[in-house]
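Below you'll find the structure, written out as structure tokens, and then a few comments.
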Amino acid sequence: MITCYLLARHQKSSLCLSPYLDAERMDDWKEDEEVVLKSSGMLTKNQKDEVTYALYSAIDFSVDRWIQNKQYVPRLLICALIFTASYFVLSLAIRDPLPMIDEIAISVGLTLLGWNVLAKRDTRSSVAQRKRYELKVRSSERKEVVDQHLFALEEYLDEAAKVDALSLCDSLCLVSPDQVVPFSFDGPLDELGEITKLLFLHMRLNEKALLQTFHAVARLRRQRRADSRLAAKLYHQHMQKRIDLALLSLLIVLDEATA
């Protein structure tokens with residue numbers, strides 16, 4: 001069973017967390033695999049459309065990476081042949097005072113061009129198109145399940161977005177010992193662990209800058225070391241609307257809750 005989660009947010013885009021972003025698991029999914037979407041309540045039409053778009057985009061991304069990984073060795077061999085053949089042909093055809101320079105430069109260019117052409121061809125192959133179609137059909141036939149335990153995560157995001165930003169930054173960086181927004185989850189710990197895993201997967205692919213900031217904050221929290229300069233930097237980024245403090249705070253509490 002493929003389980004996806006939707007975390008709705010006020011005044012921000014919802015977070016659709018799904019294993020579809022993990023291309024390495026592509027071979028494990030069967031054609032008749034059931035897809036379940038869990039949310040804290042009944043979804044509106046706009047939310048359903050938003051989920052469908054997010055799942056389709058994730059499927060496109062993973063299928064492209066999956067087929068390119070499968071075809072990596074053949075593509076590498078073909079490109080090696082392109083480089084070798086073009087180098088020898090050009091070395092015989094071009095006579096210049098700087099031997100090898102022009103030949104290597106042109107051969108590398110042709111090899112890179114060939115690599116891109118082959119990669120695009122792989123993503124449009126019948127195997128990739130069939131896999132893409134099967135996964136999208138199953139995702140569109142998903143079963144929607146209400147999971148009230150997800151409300152705790154959504155409530156935390158909303159509460160963290162409302163509190164004073166400077167206080168939240170000081171709390172995250174241990175400048176202030178108080179936890180500004182307490183976190184509690186009454187659901188199964190294995191479910192919380194799966195949500196955390198999918199959230200970090202989403203961050204690695206879509207929010208790399210925020211994930212780097214998370215690692216910096218998590219590192220000093222593990223060392224039990226306060227850092228007022230990092231807190232000031234987070235607050236400055238928040239004021240410039242370059243960072244999602246509420247989401248960063250959720251990443252921190254989930255990481256510590258599932259450690």
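A note on labels: chains of the structure tokens are A, B, ... as shown, every chain counts residues from 1, and ligands are counted from 1 in their shown order.
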
Would you mind listing, for every residue of region 57-162 of chain A within 8 Å of region 176-188 of chain A, the two atoms forming the shortest contact and the distance between them in Å to one decimal, using only C-alpha atoms, sorted by chain and ascending residue number, as CSV?
```
residue,atom,partner,partner_atom,distance
A:His149,CA,A:Gly187,CA,5.5
A:Ala152,CA,A:Phe185,CA,6.1
A:Leu153,CA,A:Phe185,CA,7.8
A:Tyr156,CA,A:Phe183,CA,6.7
A:Glu159,CA,A:Val181,CA,6.9
A:Ala160,CA,A:Val181,CA,6.2
```

Store the residues picked out above in a file with N, CA and C atoms, as a tab-separated table (two decimals), in the first residue's frame.
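File out01.tsv, as written:
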```tsv
chain	number	residue	atom	x	y	z
A	149	HIS	N	-5.09	12.35	13.67
A	149	HIS	CA	-3.79	12.57	14.28
A	149	HIS	C	-2.97	13.61	13.51
A	152	ALA	N	-2.66	17.44	14.68
A	152	ALA	CA	-1.63	17.93	15.61
A	152	ALA	C	-0.49	18.60	14.84
A	153	LEU	N	-0.12	18.04	13.69
A	153	LEU	CA	0.94	18.62	12.88
A	153	LEU	C	0.49	19.93	12.24
A	156	TYR	N	0.31	22.61	14.86
A	156	TYR	CA	1.63	23.10	15.23
A	156	TYR	C	2.14	24.12	14.20
A	159	GLU	N	0.18	27.38	14.71
A	159	GLU	CA	0.57	28.08	15.93
A	159	GLU	C	1.97	28.67	15.82
A	160	ALA	N	2.89	27.93	15.20
A	160	ALA	CA	4.26	28.44	15.03
A	160	ALA	C	4.29	29.66	14.12
```

Quiz item: Can you list, as a PyMOL selection string, every residue of region 26-251 of chain A that DSSP puts in strand (DSSP E)?
Solution: chain A and resi 35-39+143-146

Exercise. Would you kindly return, as a PyMOL selection string, each protein, DNA or RNA residue with an atom no farther than 8 Å from any atom of Thr258 (chain A), considering only C-alpha atoms and excluding same-chain residues fewer than 2 positions away?
Key: chain A and resi 189+192-193+196+254-256

Quiz prompt | Who sits within 9 Å of Gln68 (chain A), only C-alpha atoms, same chain under 3 positions skipped, as a ChimeraX atom specification | solution = /A:63-65,71-72,75,119-120,122-123

Residues of region 30-71 of chain A that approach region 200-217 of chain A to 12 Å or less, counting only C-alpha atoms: could you list each one with the shortest pair of atoms and its distance in Å to one decimal, rows by chain and increasing residue number, as JSON lines?
```
{"residue": "A:Ala54", "atom": "CA", "partner": "A:His202", "partner_atom": "CA", "distance": 11.1}
{"residue": "A:Leu55", "atom": "CA", "partner": "A:His202", "partner_atom": "CA", "distance": 11.9}
{"residue": "A:Ser57", "atom": "CA", "partner": "A:Asn206", "partner_atom": "CA", "distance": 11.8}
{"residue": "A:Ala58", "atom": "CA", "partner": "A:His202", "partner_atom": "CA", "distance": 9.7}
{"residue": "A:Phe61", "atom": "CA", "partner": "A:Leu205", "partner_atom": "CA", "distance": 10.1}
{"residue": "A:Ser62", "atom": "CA", "partner": "A:Leu205", "partner_atom": "CA", "distance": 11.0}
```

Quiz item: Mind pulling up the distance from CA of Leu168 (chain A) to CA of Leu150 (chain A)?
Solution: 22.3 Å
